[in-house]
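Only one structure is covered here, and it is reproduced in the block below.
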Amino acid sequence: MGHLRLGAVLAASVSVLVLAFLVPVPAYAAPTEESTLPGVNQFTSCTPAPEHQRPVVLVHGNGSGMAATWRTLSKRLSDSGFCVFALDYGRHQPGSDENLLDLAGGSDIGESADVLAAFISKVRSATAADKVDVVAHSMGALTARHYLKFVERNTIHTVVSVGGTNHGSTFESNTDLPLGSNSEIRRQAVAAGLPADEVLAATVGPAYAQQMAGSSFLTQLNAGGDTVPGVDYVAVATRGDRVVTPPESAFLTAGPDATVRNVWVQDGCPGLAVDHMGLTTHPRSLWLIHTALDPDHADTNPAPCP
């Protein structure tokens, strides 16, 4: 029995090391990157097209900042007459013992929602807009939803969730590891009394564990329903997602006085190969996002099926 217990502890210890050094955060991008985007964040000079009066705020996910996530979409929207704004958030803070790998979006999601709140307030003040639209990728959807539920629910008209980890993920992309998915590795480590969440928080930041299916963060966020009244939601997902697993976890259920449209990027274009990050660049996904912000766009621009 002692040998078996020792084996379990050793296995769990290896699991923690895997989580700390091999864990694939949802966006798979290096933390150091250009933080500016052409045509974005023109606080004093942007004049929207008459049909696009609401500013659009782009919210990146965990592991990939605004430049790596939004370069393609931001140009498309700004060229179409939207005033587009984006922020980088969730990096390692000087003096902090969290997110030592300095991954974008790694901070506690509630804290990131407060950062988003300040940014939206700045956008609304600069543009005199009553409400904004938000396009959020991956964990960014949780940041936006936490903002709506716990900070301010009357400043967003439309939320476009793009591969959002809305109901958590088992992070099955590591099923080739001997202990299975990353969520299972974490569960075994915690059961063995090892500080898995503390290791994750220190290395990649608290946001990673908060996105795991069944986390206390998600339980609180989704308690009472996925939506807040008065907001339109569009959730775009791909069947080829290996970050949000199972992929349908990205979808939302409408509560009172809210609308939800869930759509696979493969709808109408079966077999389309689009992965998690591809949702931010693939022509069909870009069309779905654009149409969610401007339904009239579909009248003159048919959905591509490359």
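Chain labels A, B, ... are given in the sequence in which chains occur in the structure tokens; within each chain residues are numbered consecutively from 1, and ligands are likewise numbered from 1 in the order shown.
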Env of Gly240 of chain A: 12 Å cut, atoms = only C-alpha atoms, seq-sep filter 6 positions within chain, self excluded. Answer as number ranges by chain. A: 163, 173, 246-248, 264-266, 270-279
Just want the 10 Å neighbourhood of Arg76 of chain A, counted on only C-alpha atoms, with same-chain residues fewer than 6 positions away dropped. Output as a PyMOL selection string. chain A and resi 70+82+286-287+290
Contact table segment 64-179 of chain A vs segment 291-305 of chain A, cut-off 12 Å, shortest pair per residue, only C-alpha atoms, as a tab-separated table:
residue	atom	partner	partner_atom	distance
A:Leu77	CA	A:Leu293	CA	9.6
A:Ser80	CA	A:His297	CA	10.1
A:Gly81	CA	A:Asp294	CA	11.2
A:Phe82	CA	A:Leu293	CA	9.7
A:Val84	CA	A:Leu293	CA	11.9
A:Val132	CA	A:Leu293	CA	10.5
A:Asp133	CA	A:Leu293	CA	7.4
A:Val134	CA	A:Leu293	CA	9.0
A:Val135	CA	A:Leu293	CA	8.9
A:His157	CA	A:Leu293	CA	9.7
A:Thr158	CA	A:Leu293	CA	7.3
A:Val159	CA	A:Ala292	CA	8.8
A:Val160	CA	A:Ala292	CA	7.0
A:Ser161	CA	A:Ala292	CA	10.2
A:Val162	CA	A:Ala292	CA	11.1
Can you pull out every residue within 6 Å of Leu103 of chain A, counting only C-alpha atoms, but drop anything in the same chain fewer than 2 positions away, and send it as a short mmCIF file (atom, residue, chain, number, x, y, z; two decimals) with N, CA, C and O atoms, in the first residue's frame?
data_model
loop_
_atom_site.label_atom_id
_atom_site.label_comp_id
_atom_site.auth_asym_id
_atom_site.auth_seq_id
_atom_site.Cartn_x
_atom_site.Cartn_y
_atom_site.Cartn_z
N PRO A 31 4.14 35.44 -25.16
CA PRO A 31 3.68 36.61 -24.44
C PRO A 31 4.27 37.92 -24.93
O PRO A 31 3.70 38.98 -24.70
N GLY A 63 -3.25 34.05 -23.12
CA GLY A 63 -2.06 33.57 -23.81
C GLY A 63 -1.73 34.30 -25.08
O GLY A 63 -0.64 34.15 -25.61
N ARG A 91 -1.41 40.82 -17.73
CA ARG A 91 0.01 40.48 -17.71
C ARG A 91 0.53 40.40 -16.27
O ARG A 91 -0.14 40.81 -15.31
N LEU A 101 5.23 33.78 -15.97
CA LEU A 101 5.55 33.63 -17.39
C LEU A 101 4.99 34.78 -18.23
O LEU A 101 5.18 34.81 -19.44
N GLY A 106 -3.53 36.35 -18.08
CA GLY A 106 -3.30 35.34 -17.06
C GLY A 106 -3.83 35.71 -15.69
O GLY A 106 -4.01 34.84 -14.84
#
Return as a list in words the full set of residues in segment 111-295 of chain A whose backbone-based DSSP assignment is strand (DSSP E or B). Val132, Asp133, Val134, Val135, Ala136, His137, Ile156, His157, Thr158, Val159, Val160, Ser161, Val162, Ser169, Met212, Asp232, Tyr233, Val234, Ala235, Val236, Ala237, Thr259, Val260, Arg261, Asn262, Val263 and Trp264 of chain A
For the selection just defined, write its residues with N, CA and C atoms to a file, as a compact mmCIF listing (two decimals), in the first residue's frame.
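Saved as selection-v5.txt:
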# COMPACT_ATOMS: atom_id res chain seq x y z
N VAL A 132 -21.52 50.06 -26.10
CA VAL A 132 -20.54 49.52 -27.04
C VAL A 132 -20.94 48.10 -27.39
N ASP A 133 -20.32 47.58 -28.44
CA ASP A 133 -20.39 46.15 -28.75
C ASP A 133 -19.04 45.54 -28.39
N VAL A 134 -19.05 44.29 -27.97
CA VAL A 134 -17.83 43.61 -27.56
C VAL A 134 -17.65 42.34 -28.38
N VAL A 135 -16.46 42.14 -28.92
CA VAL A 135 -16.07 40.87 -29.53
C VAL A 135 -14.99 40.29 -28.65
N ALA A 136 -15.22 39.10 -28.13
CA ALA A 136 -14.31 38.51 -27.16
C ALA A 136 -13.91 37.11 -27.57
N HIS A 137 -12.61 36.84 -27.56
CA HIS A 137 -12.11 35.52 -27.94
C HIS A 137 -11.75 34.71 -26.71
N ILE A 156 -23.26 47.51 -22.62
CA ILE A 156 -22.96 46.67 -23.79
C ILE A 156 -24.27 46.29 -24.48
N HIS A 157 -24.28 46.48 -25.78
CA HIS A 157 -25.46 46.10 -26.58
C HIS A 157 -25.36 44.65 -27.06
N THR A 158 -24.21 44.31 -27.65
CA THR A 158 -24.01 42.98 -28.23
C THR A 158 -22.68 42.41 -27.76
N VAL A 159 -22.69 41.15 -27.35
CA VAL A 159 -21.47 40.41 -27.06
C VAL A 159 -21.32 39.32 -28.11
N VAL A 160 -20.20 39.33 -28.81
CA VAL A 160 -19.88 38.26 -29.75
C VAL A 160 -18.78 37.41 -29.11
N SER A 161 -19.17 36.24 -28.68
CA SER A 161 -18.24 35.31 -28.04
C SER A 161 -17.64 34.41 -29.12
N VAL A 162 -16.33 34.45 -29.26
CA VAL A 162 -15.65 33.72 -30.33
C VAL A 162 -14.80 32.61 -29.69
N SER A 169 -13.58 24.21 -19.86
CA SER A 169 -12.96 23.26 -20.77
C SER A 169 -12.24 22.19 -19.97
N MET A 212 -11.23 25.99 -16.19
CA MET A 212 -11.44 24.55 -16.22
C MET A 212 -12.87 24.21 -15.84
N ASP A 232 -27.74 41.33 -26.35
CA ASP A 232 -27.76 40.32 -27.42
C ASP A 232 -26.43 39.59 -27.42
N TYR A 233 -26.49 38.26 -27.51
CA TYR A 233 -25.28 37.44 -27.52
C TYR A 233 -25.23 36.62 -28.80
N VAL A 234 -24.06 36.55 -29.39
CA VAL A 234 -23.80 35.63 -30.49
C VAL A 234 -22.56 34.82 -30.10
N ALA A 235 -22.69 33.50 -30.10
CA ALA A 235 -21.57 32.63 -29.74
C ALA A 235 -21.14 31.84 -30.97
N VAL A 236 -19.92 32.09 -31.43
CA VAL A 236 -19.35 31.41 -32.59
C VAL A 236 -18.39 30.34 -32.09
N ALA A 237 -18.55 29.13 -32.57
CA ALA A 237 -17.70 28.01 -32.13
C ALA A 237 -17.27 27.20 -33.34
N THR A 259 -31.11 37.73 -25.78
CA THR A 259 -31.17 36.86 -26.95
C THR A 259 -29.81 36.21 -27.15
N VAL A 260 -29.84 34.96 -27.61
CA VAL A 260 -28.61 34.22 -27.89
C VAL A 260 -28.74 33.54 -29.24
N ARG A 261 -27.70 33.68 -30.05
CA ARG A 261 -27.61 32.91 -31.29
C ARG A 261 -26.30 32.13 -31.25
N ASN A 262 -26.41 30.81 -31.18
CA ASN A 262 -25.24 29.94 -31.20
C ASN A 262 -25.02 29.43 -32.62
N VAL A 263 -23.79 29.51 -33.10
CA VAL A 263 -23.53 29.10 -34.48
C VAL A 263 -22.17 28.43 -34.58
N TRP A 264 -22.16 27.28 -35.25
CA TRP A 264 -20.89 26.63 -35.61
C TRP A 264 -20.35 27.33 -36.85
Please identify the alpha helix (DSSP H) residues within segment 86-233 of chain A (assignment by DSSP from backbone atoms) and present them as a ChimeraX atom specification. /A:109-127,140-146,182-191,196-203,207-210,216-222
Distance in Å - atom CA of Gln211 of chain A versus atom CA of Ser138 of chain A: 9.6 Å
